[in-house]
Structures are given as C-alpha cells and as structure tokens.
Amino acid sequence: MTSVLSLIVSIFLFIQTPKREIETLNSIETVISAIDSGSSSDLAKFFDSSISLNVNGLQGDYSKNQAELVLKDFFKKNPSMGFSLVFRSENNPSLSSYIGDYQTSQGLFKVFIKVFQQAQDFKIYSLEFVKG
C-alpha cells in the first residue's frame with residue numbers, strides 16, 4: 001500500500017514540476033514580447049510596486065505608474081526594431097536575471113532585467129536600458 005502511495009506522489013510531483021518552469025518561461029517570454037513591441041503598458045504589468053529603473057542615464061526608484069510613463073516616453077522616442085534575449089541566469093528559483101539587445105534607429109541598447117518569483121508572482125524589480 002505504501003509503495004502505491006509513493007508511486008502516486010512521485011508521479012504527481014513529476015507532473016507538477018515542469019509546469020512551474022513553463023510558467024516562468026512564459027512570463028519572461030511575455031516580457032520579451034512587450035519590449036520587442038515597445039509596449040510600456042504590457043511591460044508594466046510585470047513591475048513590482050516600486051522598481052529601480054535606468055533609462056539611458058535617467059535612473060532612480062519609481063512607482064509602477066511612474067516607471068510606465070518613463071518607458072512610454074522612451075519607447076516613443078526609440079521605436080523598436082527588434083529585441084533579442086542574449087543571456088539568462090535562472091539558477092536561483094526565486095531570483096533571475098536577463099540581458100538583451102533592444103535595436104532602434106538610434107542604435108543598440110543593452111537591456112538588463114532582474115526579476116523575483118514568489119509562488120505564481122513574477123515581478124520585475126530592476127530594469128535598465130543602456131545605450132551600447
């Protein structure tokens with residue numbers, strides 16, 4: 001009886017583990033899509049209540065709404081010609097970092113994204129756009 005119970009628990013854990021990884025992947029993929037399309041409102045959905053933001057030298061700690069406005073202005077002045085993720089560090093299940101290239105007609109910006117995850121919450125707490 002205990003071996004059957006152990007088998008059921010093992011199968012349950014095996015099935016549940018990949019879902020969490022897929023949800024994390026889907027979250028960063030949604031962030032990538034928001035940056036690629038230059039959508040500050042879609043990107044802001046993933047901001048923590050306050051965020052450390054550096055947009056080409058204009059840096060500080062902003063509320064979610066303030067950060068969205070700063071990015072809206074940045075995306076308006078620097079329309080996207082594409083965004084690609086070039087590095088991901090997902091070794092720590094609760095803290096992850098990503099680096100990408102944001103291409104505009106003004107040039108290339110390196111993008112540094114830092115996120116934390118607690119349960120199902122995926123939140124960006126630091127975001128930087130630095131002209132390369």
# chains A, B, ... in the order shown; residues from 1 in each chain; ligands from 1
$ residues_around --residues "Ser84 (chain A)" --least-positions-apart "4" --cutoff "12 Å" --atoms "only C-alpha atoms" --output "PDB file with N, CA and C atoms, in the first residue's frame"
ATOM      1  N   ILE A  28       8.713  35.344 -18.816  1.00  0.00           N
ATOM      2  CA  ILE A  28       9.811  36.102 -19.430  1.00  0.00           C
ATOM      3  C   ILE A  28       9.551  36.264 -20.928  1.00  0.00           C
ATOM      4  N   GLU A  29       8.924  35.292 -21.543  1.00  0.00           N
ATOM      5  CA  GLU A  29       8.592  35.417 -22.964  1.00  0.00           C
ATOM      6  C   GLU A  29       7.593  36.554 -23.178  1.00  0.00           C
ATOM      7  N   VAL A  31       7.403  39.217 -21.263  1.00  0.00           N
ATOM      8  CA  VAL A  31       8.205  40.430 -21.055  1.00  0.00           C
ATOM      9  C   VAL A  31       9.003  40.739 -22.323  1.00  0.00           C
ATOM     10  N   ILE A  32       9.605  39.717 -22.907  1.00  0.00           N
ATOM     11  CA  ILE A  32      10.372  39.895 -24.144  1.00  0.00           C
ATOM     12  C   ILE A  32       9.477  40.453 -25.251  1.00  0.00           C
ATOM     13  N   SER A  33       8.292  39.906 -25.358  1.00  0.00           N
ATOM     14  CA  SER A  33       7.332  40.369 -26.366  1.00  0.00           C
ATOM     15  C   SER A  33       6.937  41.827 -26.130  1.00  0.00           C
ATOM     16  N   ALA A  34       6.740  42.208 -24.878  1.00  0.00           N
ATOM     17  CA  ALA A  34       6.364  43.589 -24.550  1.00  0.00           C
ATOM     18  C   ALA A  34       7.486  44.562 -24.918  1.00  0.00           C
ATOM     19  N   ILE A  35       8.723  44.189 -24.644  1.00  0.00           N
ATOM     20  CA  ILE A  35       9.857  45.053 -25.004  1.00  0.00           C
ATOM     21  C   ILE A  35      10.006  45.109 -26.522  1.00  0.00           C
ATOM     22  N   ASP A  36       9.887  43.962 -27.163  1.00  0.00           N
ATOM     23  CA  ASP A  36      10.022  43.887 -28.616  1.00  0.00           C
ATOM     24  C   ASP A  36       8.996  44.777 -29.315  1.00  0.00           C
ATOM     25  N   SER A  37       7.790  44.826 -28.783  1.00  0.00           N
ATOM     26  CA  SER A  37       6.741  45.647 -29.398  1.00  0.00           C
ATOM     27  C   SER A  37       6.743  47.084 -28.878  1.00  0.00           C
ATOM     28  N   SER A  80      10.957  50.375 -31.421  1.00  0.00           N
ATOM     29  CA  SER A  80      11.632  49.089 -31.511  1.00  0.00           C
ATOM     30  C   SER A  80      11.833  48.647 -32.955  1.00  0.00           C
ATOM     31  N   ARG A  88      20.520  34.564 -20.061  1.00  0.00           N
ATOM     32  CA  ARG A  88      19.559  34.348 -18.978  1.00  0.00           C
ATOM     33  C   ARG A  88      20.249  33.594 -17.855  1.00  0.00           C
ATOM     34  N   TYR A  98      18.308  38.687 -16.725  1.00  0.00           N
ATOM     35  CA  TYR A  98      18.308  38.535 -18.175  1.00  0.00           C
ATOM     36  C   TYR A  98      18.992  39.741 -18.797  1.00  0.00           C
ATOM     37  N   ILE A  99      19.664  39.509 -19.913  1.00  0.00           N
ATOM     38  CA  ILE A  99      20.285  40.587 -20.674  1.00  0.00           C
ATOM     39  C   ILE A  99      19.819  40.439 -22.121  1.00  0.00           C
ATOM     40  N   GLY A 100      19.460  41.570 -22.710  1.00  0.00           N
ATOM     41  CA  GLY A 100      19.007  41.534 -24.095  1.00  0.00           C
ATOM     42  C   GLY A 100      19.503  42.726 -24.877  1.00  0.00           C
ATOM     43  N   ASP A 101      19.282  42.673 -26.183  1.00  0.00           N
ATOM     44  CA  ASP A 101      19.625  43.761 -27.087  1.00  0.00           C
ATOM     45  C   ASP A 101      18.347  44.346 -27.660  1.00  0.00           C
ATOM     46  N   TYR A 102      18.157  45.658 -27.441  1.00  0.00           N
ATOM     47  CA  TYR A 102      16.999  46.383 -27.968  1.00  0.00           C
ATOM     48  C   TYR A 102      17.498  47.260 -29.108  1.00  0.00           C
ATOM     49  N   GLN A 103      17.085  46.944 -30.326  1.00  0.00           N
ATOM     50  CA  GLN A 103      17.548  47.665 -31.509  1.00  0.00           C
ATOM     51  C   GLN A 103      16.570  48.773 -31.883  1.00  0.00           C
ATOM     52  N   LEU A 108      21.791  50.614 -30.670  1.00  0.00           N
ATOM     53  CA  LEU A 108      21.528  49.435 -29.843  1.00  0.00           C
ATOM     54  C   LEU A 108      21.550  49.808 -28.367  1.00  0.00           C
ATOM     55  N   PHE A 109      20.586  49.284 -27.615  1.00  0.00           N
ATOM     56  CA  PHE A 109      20.541  49.449 -26.167  1.00  0.00           C
ATOM     57  C   PHE A 109      20.677  48.080 -25.530  1.00  0.00           C
ATOM     58  N   LYS A 110      21.544  47.966 -24.539  1.00  0.00           N
ATOM     59  CA  LYS A 110      21.610  46.757 -23.721  1.00  0.00           C
ATOM     60  C   LYS A 110      20.509  46.865 -22.679  1.00  0.00           C
ATOM     61  N   VAL A 111      19.788  45.771 -22.487  1.00  0.00           N
ATOM     62  CA  VAL A 111      18.686  45.757 -21.531  1.00  0.00           C
ATOM     63  C   VAL A 111      19.007  44.747 -20.441  1.00  0.00           C
ATOM     64  N   PHE A 112      18.952  45.191 -19.200  1.00  0.00           N
ATOM     65  CA  PHE A 112      19.213  44.347 -18.045  1.00  0.00           C
ATOM     66  C   PHE A 112      17.920  44.230 -17.246  1.00  0.00           C
TER      67      PHE A 112
END
$ closest_residue --among "A:Lys45, A:Gly38, A:Tyr62, A:Ile113" --to "Pro79 (chain A)" --atoms "only C-alpha atoms"
A:Gly38
$ residues_around --residues "Ser50 (chain A)" --least-positions-apart "6" --cutoff "7 Å" --atoms "only C-alpha atoms" --output "number ranges by chain"
A: 61-64
$ write_last_selection --atoms "C-alpha atoms" --output "PDB file, in the first residue's frame"
ATOM      1  CA  ASP A  61      13.416  54.261  -7.928  1.00  0.00           C
ATOM      2  CA  TYR A  62       9.955  54.711  -9.385  1.00  0.00           C
ATOM      3  CA  SER A  63       6.447  53.601  -8.605  1.00  0.00           C
ATOM      4  CA  LYS A  64       4.917  51.187 -11.087  1.00  0.00           C
TER       5      LYS A  64
END
$ closest_residue --among "A:Asn54, A:Ser97, A:Gln120, A:Thr30" --to "Val70 (chain A)" --atoms "only C-alpha atoms"
A:Asn54
$ select_by_dssp --residues "region 29-132 of chain A" --states "strand (DSSP E)" --output "compact mmCIF listing (two decimals) with all heavy atoms, in the first residue's frame"
# COMPACT_ATOMS: atom_id res chain seq x y z
N PHE A 47 5.81 44.79 -13.38
CA PHE A 47 6.60 45.58 -12.44
C PHE A 47 6.16 45.29 -11.01
O PHE A 47 4.98 45.10 -10.73
CB PHE A 47 6.43 47.08 -12.69
CG PHE A 47 7.08 47.57 -13.96
CD1 PHE A 47 6.82 48.85 -14.41
CD2 PHE A 47 7.93 46.77 -14.70
CE1 PHE A 47 7.41 49.32 -15.56
CE2 PHE A 47 8.52 47.24 -15.87
CZ PHE A 47 8.25 48.53 -16.29
N ASP A 48 7.14 45.32 -10.11
CA ASP A 48 6.84 45.29 -8.69
C ASP A 48 6.22 46.66 -8.36
O ASP A 48 6.19 47.56 -9.19
CB ASP A 48 8.13 45.06 -7.91
CG ASP A 48 7.89 44.62 -6.48
OD1 ASP A 48 6.74 44.26 -6.15
OD2 ASP A 48 8.84 44.64 -5.69
N SER A 49 5.73 46.83 -7.15
CA SER A 49 5.07 48.09 -6.78
C SER A 49 6.04 49.28 -6.89
O SER A 49 5.63 50.40 -7.20
CB SER A 49 4.49 48.02 -5.38
OG SER A 49 5.50 47.69 -4.46
N SER A 50 7.32 49.04 -6.67
CA SER A 50 8.35 50.04 -6.97
C SER A 50 9.47 49.32 -7.72
O SER A 50 9.71 48.13 -7.52
CB SER A 50 8.89 50.71 -5.70
OG SER A 50 9.61 49.79 -4.92
N ILE A 51 10.13 50.05 -8.60
CA ILE A 51 11.12 49.45 -9.47
C ILE A 51 12.32 50.37 -9.62
O ILE A 51 12.16 51.59 -9.71
CB ILE A 51 10.49 49.12 -10.86
CG1 ILE A 51 11.52 48.49 -11.79
CG2 ILE A 51 9.83 50.31 -11.47
CD1 ILE A 51 10.93 47.97 -13.09
N SER A 52 13.50 49.79 -9.62
CA SER A 52 14.72 50.52 -9.92
C SER A 52 14.85 50.58 -11.43
O SER A 52 14.93 49.55 -12.09
CB SER A 52 15.93 49.80 -9.30
OG SER A 52 17.12 50.45 -9.67
N LEU A 53 14.83 51.80 -11.97
CA LEU A 53 14.80 51.98 -13.41
C LEU A 53 15.94 52.88 -13.87
O LEU A 53 16.19 53.91 -13.26
CB LEU A 53 13.45 52.59 -13.81
CG LEU A 53 13.13 52.75 -15.28
CD1 LEU A 53 13.02 51.38 -15.97
CD2 LEU A 53 11.81 53.50 -15.44
N ASN A 54 16.62 52.46 -14.92
CA ASN A 54 17.66 53.26 -15.55
C ASN A 54 17.38 53.26 -17.04
O ASN A 54 17.51 52.22 -17.69
CB ASN A 54 19.05 52.69 -15.26
CG ASN A 54 20.16 53.46 -15.96
OD1 ASN A 54 19.93 54.47 -16.61
ND2 ASN A 54 21.37 52.97 -15.82
N VAL A 55 16.97 54.39 -17.56
CA VAL A 55 16.68 54.51 -18.97
C VAL A 55 17.66 55.52 -19.56
O VAL A 55 17.46 56.73 -19.45
CB VAL A 55 15.21 54.93 -19.23
CG1 VAL A 55 14.94 55.07 -20.71
CG2 VAL A 55 14.26 53.92 -18.62
N LEU A 58 18.84 58.18 -17.11
CA LEU A 58 17.78 58.69 -16.23
C LEU A 58 17.42 57.56 -15.28
O LEU A 58 16.70 56.64 -15.64
CB LEU A 58 16.56 59.12 -17.06
CG LEU A 58 15.35 59.63 -16.28
CD1 LEU A 58 15.69 60.94 -15.58
CD2 LEU A 58 14.18 59.85 -17.23
N GLN A 59 17.99 57.61 -14.07
CA GLN A 59 17.79 56.48 -13.18
C GLN A 59 17.24 56.90 -11.83
O GLN A 59 17.39 58.03 -11.40
CB GLN A 59 19.07 55.68 -13.01
CG GLN A 59 20.20 56.38 -12.29
CD GLN A 59 21.44 55.51 -12.25
OE1 GLN A 59 21.90 55.04 -13.27
NE2 GLN A 59 21.96 55.31 -11.06
N GLY A 60 16.56 55.93 -11.20
CA GLY A 60 16.01 56.16 -9.89
C GLY A 60 15.03 55.05 -9.53
O GLY A 60 14.84 54.11 -10.29
N ASP A 61 14.45 55.19 -8.37
CA ASP A 61 13.42 54.26 -7.93
C ASP A 61 12.06 54.90 -8.21
O ASP A 61 11.81 56.04 -7.80
CB ASP A 61 13.56 53.96 -6.43
CG ASP A 61 14.83 53.16 -6.14
OD1 ASP A 61 15.24 52.36 -7.00
OD2 ASP A 61 15.41 53.35 -5.06
N TYR A 62 11.23 54.18 -8.93
CA TYR A 62 9.96 54.71 -9.38
C TYR A 62 8.81 53.82 -8.93
O TYR A 62 8.98 52.61 -8.76
CB TYR A 62 9.91 54.78 -10.92
CG TYR A 62 10.90 55.73 -11.53
CD1 TYR A 62 12.18 55.31 -11.89
CD2 TYR A 62 10.55 57.06 -11.77
CE1 TYR A 62 13.08 56.18 -12.46
CE2 TYR A 62 11.45 57.94 -12.35
CZ TYR A 62 12.72 57.49 -12.69
OH TYR A 62 13.60 58.36 -13.25
N SER A 63 7.64 54.42 -8.81
CA SER A 63 6.45 53.60 -8.60
C SER A 63 6.15 52.91 -9.93
O SER A 63 6.67 53.30 -10.98
CB SER A 63 5.26 54.47 -8.19
OG SER A 63 4.81 55.25 -9.29
N PHE A 83 13.97 43.08 -30.47
CA PHE A 83 14.58 42.79 -29.17
C PHE A 83 14.92 41.32 -29.12
O PHE A 83 14.12 40.47 -29.53
CB PHE A 83 13.62 43.13 -28.02
CG PHE A 83 14.17 42.78 -26.66
CD1 PHE A 83 15.17 43.54 -26.09
CD2 PHE A 83 13.71 41.67 -25.97
CE1 PHE A 83 15.69 43.22 -24.85
CE2 PHE A 83 14.23 41.34 -24.73
CZ PHE A 83 15.22 42.13 -24.16
N SER A 84 16.12 41.01 -28.66
CA SER A 84 16.51 39.61 -28.52
C SER A 84 17.21 39.40 -27.18
O SER A 84 17.99 40.24 -26.74
CB SER A 84 17.43 39.18 -29.66
OG SER A 84 18.60 39.96 -29.67
N LEU A 85 16.87 38.31 -26.56
CA LEU A 85 17.49 37.94 -25.29
C LEU A 85 18.83 37.27 -25.61
O LEU A 85 18.89 36.37 -26.44
CB LEU A 85 16.56 36.97 -24.55
CG LEU A 85 16.72 36.87 -23.05
CD1 LEU A 85 16.52 38.22 -22.38
CD2 LEU A 85 15.73 35.87 -22.50
N VAL A 86 19.90 37.73 -24.96
CA VAL A 86 21.22 37.17 -25.24
C VAL A 86 21.80 36.39 -24.05
O VAL A 86 22.76 35.64 -24.21
CB VAL A 86 22.23 38.25 -25.71
CG1 VAL A 86 21.80 38.85 -27.03
CG2 VAL A 86 22.40 39.34 -24.66
N PHE A 87 21.22 36.59 -22.87
CA PHE A 87 21.71 35.88 -21.68
C PHE A 87 20.58 35.73 -20.69
O PHE A 87 19.78 36.64 -20.50
CB PHE A 87 22.86 36.68 -21.03
CG PHE A 87 23.34 36.09 -19.74
CD1 PHE A 87 24.20 35.00 -19.72
CD2 PHE A 87 22.92 36.61 -18.52
CE1 PHE A 87 24.64 34.46 -18.53
CE2 PHE A 87 23.35 36.06 -17.32
CZ PHE A 87 24.22 34.98 -17.33
N ARG A 88 20.52 34.56 -20.06
CA ARG A 88 19.56 34.35 -18.98
C ARG A 88 20.25 33.59 -17.86
O ARG A 88 20.98 32.65 -18.08
CB ARG A 88 18.29 33.65 -19.45
CG ARG A 88 18.46 32.30 -20.06
CD ARG A 88 17.14 31.63 -20.42
NE ARG A 88 16.50 32.22 -21.56
CZ ARG A 88 15.19 32.32 -21.73
NH1 ARG A 88 14.37 31.84 -20.83
NH2 ARG A 88 14.68 32.87 -22.79
N SER A 89 20.00 34.04 -16.63
CA SER A 89 20.51 33.39 -15.44
C SER A 89 19.31 33.03 -14.57
O SER A 89 18.72 33.90 -13.93
CB SER A 89 21.45 34.31 -14.67
OG SER A 89 21.79 33.73 -13.43
N LEU A 95 15.13 34.29 -7.87
CA LEU A 95 15.74 35.48 -8.48
C LEU A 95 16.36 35.10 -9.83
O LEU A 95 17.13 34.15 -9.91
CB LEU A 95 16.84 36.06 -7.58
CG LEU A 95 16.42 36.58 -6.22
CD1 LEU A 95 17.63 36.96 -5.39
CD2 LEU A 95 15.50 37.78 -6.37
N SER A 96 16.02 35.85 -10.86
CA SER A 96 16.56 35.59 -12.19
C SER A 96 17.01 36.89 -12.82
O SER A 96 16.48 37.96 -12.51
CB SER A 96 15.51 34.94 -13.09
OG SER A 96 15.07 33.73 -12.53
N SER A 97 17.99 36.81 -13.72
CA SER A 97 18.50 37.97 -14.45
C SER A 97 18.56 37.66 -15.93
O SER A 97 18.84 36.53 -16.32
CB SER A 97 19.90 38.34 -13.96
OG SER A 97 19.90 38.65 -12.60
N TYR A 98 18.31 38.69 -16.73
CA TYR A 98 18.31 38.53 -18.18
C TYR A 98 18.99 39.74 -18.80
O TYR A 98 18.90 40.85 -18.28
CB TYR A 98 16.88 38.45 -18.71
CG TYR A 98 16.07 37.36 -18.05
CD1 TYR A 98 15.30 37.62 -16.92
CD2 TYR A 98 16.08 36.06 -18.56
CE1 TYR A 98 14.57 36.61 -16.30
CE2 TYR A 98 15.35 35.05 -17.94
CZ TYR A 98 14.60 35.34 -16.82
OH TYR A 98 13.88 34.34 -16.21
N ILE A 99 19.66 39.51 -19.91
CA ILE A 99 20.29 40.59 -20.67
C ILE A 99 19.82 40.44 -22.12
O ILE A 99 19.80 39.33 -22.66
CB ILE A 99 21.83 40.53 -20.60
CG1 ILE A 99 22.29 40.64 -19.15
CG2 ILE A 99 22.44 41.65 -21.45
CD1 ILE A 99 23.79 40.44 -18.96
N GLY A 100 19.46 41.57 -22.71
CA GLY A 100 19.01 41.53 -24.09
C GLY A 100 19.50 42.73 -24.88
O GLY A 100 20.08 43.66 -24.32
N ASP A 101 19.28 42.67 -26.18
CA ASP A 101 19.63 43.76 -27.09
C ASP A 101 18.35 44.35 -27.66
O ASP A 101 17.55 43.63 -28.27
CB ASP A 101 20.50 43.25 -28.24
CG ASP A 101 21.89 42.85 -27.78
OD1 ASP A 101 22.40 43.44 -26.81
OD2 ASP A 101 22.48 41.95 -28.42
N TYR A 102 18.16 45.66 -27.44
CA TYR A 102 17.00 46.38 -27.97
C TYR A 102 17.50 47.26 -29.11
O TYR A 102 18.26 48.21 -28.89
CB TYR A 102 16.36 47.23 -26.85
CG TYR A 102 15.17 48.04 -27.28
CD1 TYR A 102 13.94 47.44 -27.48
CD2 TYR A 102 15.27 49.41 -27.46
CE1 TYR A 102 12.83 48.18 -27.86
CE2 TYR A 102 14.17 50.17 -27.83
CZ TYR A 102 12.95 49.54 -28.03
OH TYR A 102 11.86 50.28 -28.40
N GLN A 103 17.09 46.94 -30.33
CA GLN A 103 17.55 47.67 -31.51
C GLN A 103 16.57 48.77 -31.88
O GLN A 103 15.36 48.55 -31.93
CB GLN A 103 17.69 46.70 -32.68
CG GLN A 103 18.28 47.32 -33.92
CD GLN A 103 19.73 47.75 -33.73
OE1 GLN A 103 20.54 46.99 -33.24
NE2 GLN A 103 20.05 48.99 -34.10
N THR A 104 17.11 49.97 -32.12
CA THR A 104 16.30 51.10 -32.57
C THR A 104 17.04 51.77 -33.73
O THR A 104 18.19 51.45 -34.01
CB THR A 104 16.10 52.15 -31.45
OG1 THR A 104 17.33 52.84 -31.23
CG2 THR A 104 15.63 51.51 -30.16
N GLY A 107 20.19 53.32 -32.49
CA GLY A 107 21.30 52.45 -32.11
C GLY A 107 20.83 51.31 -31.23
O GLY A 107 19.63 51.09 -31.04
N LEU A 108 21.79 50.61 -30.67
CA LEU A 108 21.53 49.44 -29.84
C LEU A 108 21.55 49.81 -28.37
O LEU A 108 22.42 50.55 -27.92
CB LEU A 108 22.59 48.37 -30.12
CG LEU A 108 22.44 47.04 -29.41
CD1 LEU A 108 21.26 46.27 -29.99
CD2 LEU A 108 23.71 46.23 -29.55
N PHE A 109 20.59 49.28 -27.61
CA PHE A 109 20.54 49.45 -26.17
C PHE A 109 20.68 48.08 -25.53
O PHE A 109 20.00 47.13 -25.95
CB PHE A 109 19.21 50.07 -25.72
CG PHE A 109 19.04 51.51 -26.07
CD1 PHE A 109 18.58 51.88 -27.32
CD2 PHE A 109 19.35 52.50 -25.14
CE1 PHE A 109 18.41 53.21 -27.65
CE2 PHE A 109 19.19 53.84 -25.47
CZ PHE A 109 18.72 54.20 -26.73
N LYS A 110 21.54 47.97 -24.54
CA LYS A 110 21.61 46.76 -23.72
C LYS A 110 20.51 46.86 -22.68
O LYS A 110 20.31 47.92 -22.08
CB LYS A 110 22.95 46.62 -23.00
CG LYS A 110 24.07 46.14 -23.88
CD LYS A 110 23.87 44.69 -24.22
CE LYS A 110 25.02 44.17 -25.05
NZ LYS A 110 24.72 42.92 -25.70
N VAL A 111 19.79 45.77 -22.49
CA VAL A 111 18.69 45.76 -21.53
C VAL A 111 19.01 44.75 -20.44
O VAL A 111 19.33 43.59 -20.74
CB VAL A 111 17.35 45.38 -22.22
CG1 VAL A 111 16.21 45.40 -21.22
CG2 VAL A 111 17.07 46.33 -23.38
N PHE A 112 18.95 45.19 -19.20
CA PHE A 112 19.21 44.35 -18.04
C PHE A 112 17.92 44.23 -17.25
O PHE A 112 17.38 45.24 -16.80
CB PHE A 112 20.32 44.94 -17.18
CG PHE A 112 21.62 45.16 -17.92
CD1 PHE A 112 21.87 46.36 -18.58
CD2 PHE A 112 22.56 44.15 -17.99
CE1 PHE A 112 23.05 46.56 -19.28
CE2 PHE A 112 23.74 44.34 -18.69
CZ PHE A 112 23.99 45.54 -19.34
N ILE A 113 17.45 43.00 -17.07
CA ILE A 113 16.18 42.76 -16.40
C ILE A 113 16.44 41.86 -15.19
O ILE A 113 17.06 40.80 -15.33
CB ILE A 113 15.18 42.03 -17.33
CG1 ILE A 113 15.04 42.77 -18.66
CG2 ILE A 113 13.83 41.86 -16.65
CD1 ILE A 113 14.39 41.95 -19.76
N LYS A 114 15.97 42.29 -14.03
CA LYS A 114 16.09 41.47 -12.83
C LYS A 114 14.69 41.22 -12.28
O LYS A 114 13.92 42.17 -12.11
CB LYS A 114 16.96 42.15 -11.77
CG LYS A 114 18.40 42.30 -12.21
CD LYS A 114 19.24 42.96 -11.17
CE LYS A 114 20.66 43.13 -11.67
NZ LYS A 114 21.48 43.87 -10.71
N VAL A 115 14.39 39.96 -12.02
CA VAL A 115 13.05 39.59 -11.56
C VAL A 115 13.13 38.71 -10.32
O VAL A 115 14.15 38.07 -10.07
CB VAL A 115 12.25 38.85 -12.67
CG1 VAL A 115 12.15 39.69 -13.92
CG2 VAL A 115 12.86 37.51 -12.97
N PHE A 116 12.05 38.70 -9.58
CA PHE A 116 11.90 37.73 -8.49
C PHE A 116 10.60 37.00 -8.69
O PHE A 116 9.66 37.50 -9.30
CB PHE A 116 11.98 38.39 -7.11
CG PHE A 116 10.79 39.21 -6.72
CD1 PHE A 116 9.68 38.63 -6.13
CD2 PHE A 116 10.79 40.59 -6.93
CE1 PHE A 116 8.58 39.40 -5.77
CE2 PHE A 116 9.70 41.36 -6.58
CZ PHE A 116 8.60 40.76 -5.99
N GLN A 117 10.56 35.79 -8.17
CA GLN A 117 9.34 34.99 -8.27
C GLN A 117 9.05 34.37 -6.92
O GLN A 117 9.90 33.72 -6.32
CB GLN A 117 9.50 33.90 -9.32
CG GLN A 117 8.22 33.11 -9.51
CD GLN A 117 8.19 32.36 -10.82
OE1 GLN A 117 9.09 32.42 -11.61
NE2 GLN A 117 7.11 31.64 -11.04
N GLN A 118 7.83 34.61 -6.45
CA GLN A 118 7.32 34.00 -5.24
C GLN A 118 6.00 33.36 -5.59
O GLN A 118 5.09 34.05 -6.03
CB GLN A 118 7.11 35.03 -4.13
CG GLN A 118 8.38 35.63 -3.60
CD GLN A 118 8.09 36.69 -2.56
OE1 GLN A 118 7.10 37.41 -2.64
NE2 GLN A 118 8.97 36.81 -1.60
N ASP A 121 3.81 34.71 -8.47
CA ASP A 121 4.14 36.10 -8.77
C ASP A 121 5.48 36.21 -9.48
O ASP A 121 6.50 35.77 -8.97
CB ASP A 121 4.18 36.94 -7.50
CG ASP A 121 2.84 37.50 -7.12
OD1 ASP A 121 1.92 37.43 -7.95
OD2 ASP A 121 2.73 38.02 -6.00
N PHE A 122 5.49 36.83 -10.64
CA PHE A 122 6.69 37.09 -11.43
C PHE A 122 6.79 38.61 -11.55
O PHE A 122 5.96 39.23 -12.20
CB PHE A 122 6.52 36.43 -12.82
CG PHE A 122 7.67 36.67 -13.75
CD1 PHE A 122 8.75 35.81 -13.76
CD2 PHE A 122 7.67 37.74 -14.63
CE1 PHE A 122 9.80 36.01 -14.63
CE2 PHE A 122 8.72 37.94 -15.51
CZ PHE A 122 9.79 37.07 -15.51
N LYS A 123 7.75 39.23 -10.86
CA LYS A 123 7.82 40.68 -10.81
C LYS A 123 9.22 41.19 -11.18
O LYS A 123 10.23 40.66 -10.73
CB LYS A 123 7.49 41.19 -9.40
CG LYS A 123 6.09 40.89 -8.94
CD LYS A 123 5.07 41.67 -9.71
CE LYS A 123 3.67 41.39 -9.20
NZ LYS A 123 2.65 42.04 -9.97
N ILE A 124 9.23 42.23 -12.00
CA ILE A 124 10.48 42.91 -12.35
C ILE A 124 10.76 43.94 -11.26
O ILE A 124 9.92 44.78 -10.98
CB ILE A 124 10.37 43.61 -13.72
CG1 ILE A 124 10.09 42.59 -14.82
CG2 ILE A 124 11.63 44.41 -14.02
CD1 ILE A 124 9.75 43.21 -16.17
N TYR A 125 11.94 43.86 -10.66
CA TYR A 125 12.29 44.84 -9.64
C TYR A 125 13.41 45.78 -10.10
O TYR A 125 13.67 46.80 -9.48
CB TYR A 125 12.65 44.18 -8.30
CG TYR A 125 13.91 43.37 -8.30
CD1 TYR A 125 15.14 43.95 -7.99
CD2 TYR A 125 13.90 42.00 -8.58
CE1 TYR A 125 16.31 43.20 -7.98
CE2 TYR A 125 15.05 41.25 -8.56
CZ TYR A 125 16.26 41.85 -8.26
OH TYR A 125 17.41 41.11 -8.25
N SER A 126 14.06 45.45 -11.22
CA SER A 126 15.12 46.30 -11.75
C SER A 126 15.13 46.17 -13.28
O SER A 126 15.08 45.06 -13.81
CB SER A 126 16.47 45.91 -11.17
OG SER A 126 17.50 46.70 -11.73
N LEU A 127 15.21 47.32 -13.96
CA LEU A 127 15.21 47.33 -15.42
C LEU A 127 16.11 48.46 -15.90
O LEU A 127 16.02 49.59 -15.40
CB LEU A 127 13.78 47.53 -15.94
CG LEU A 127 13.56 47.56 -17.45
CD1 LEU A 127 13.92 46.21 -18.08
CD2 LEU A 127 12.11 47.89 -17.76
N GLU A 128 17.01 48.14 -16.83
CA GLU A 128 17.93 49.14 -17.36
C GLU A 128 17.99 49.06 -18.88
O GLU A 128 18.07 47.98 -19.44
CB GLU A 128 19.35 48.92 -16.83
CG GLU A 128 19.47 49.05 -15.33
CD GLU A 128 20.91 48.89 -14.87
OE1 GLU A 128 21.80 49.56 -15.42
OE2 GLU A 128 21.14 48.07 -13.97
N PHE A 129 17.94 50.22 -19.52
CA PHE A 129 18.19 50.37 -20.95
C PHE A 129 19.43 51.25 -21.07
O PHE A 129 19.36 52.45 -20.75
CB PHE A 129 17.01 51.05 -21.66
CG PHE A 129 15.82 50.17 -21.86
CD1 PHE A 129 14.93 49.93 -20.82
CD2 PHE A 129 15.56 49.58 -23.09
CE1 PHE A 129 13.81 49.13 -21.00
CE2 PHE A 129 14.45 48.78 -23.28
CZ PHE A 129 13.58 48.56 -22.23
N VAL A 130 20.55 50.69 -21.51
CA VAL A 130 21.81 51.42 -21.59
C VAL A 130 22.29 51.41 -23.03
O VAL A 130 22.46 50.35 -23.63
CB VAL A 130 22.88 50.79 -20.66
CG1 VAL A 130 24.17 51.55 -20.74
CG2 VAL A 130 22.37 50.72 -19.23
N LYS A 131 22.52 52.60 -23.57
CA LYS A 131 22.96 52.69 -24.97
C LYS A 131 24.34 52.06 -25.10
O LYS A 131 25.24 52.35 -24.33
CB LYS A 131 22.97 54.14 -25.45
CG LYS A 131 23.21 54.26 -26.92
CD LYS A 131 22.48 55.43 -27.48
CE LYS A 131 22.60 55.35 -29.00
NZ LYS A 131 21.86 56.38 -29.64
$ atom_distance --atom1 "CA of Asn56 (chain A)" --atom2 "CA of Ser40 (chain A)"
15.7 Å
$ residues_around --residues "Ser41 (chain A)" --least-positions-apart "2" --cutoff "9 Å" --atoms "only C-alpha atoms" --output "PyMOL selection string"
chain A and resi 34+39+43-45+68-69+71-72
$ atom_distance --atom1 "CA of Gln66 (chain A)" --atom2 "CA of Gly82 (chain A)"
24.4 Å
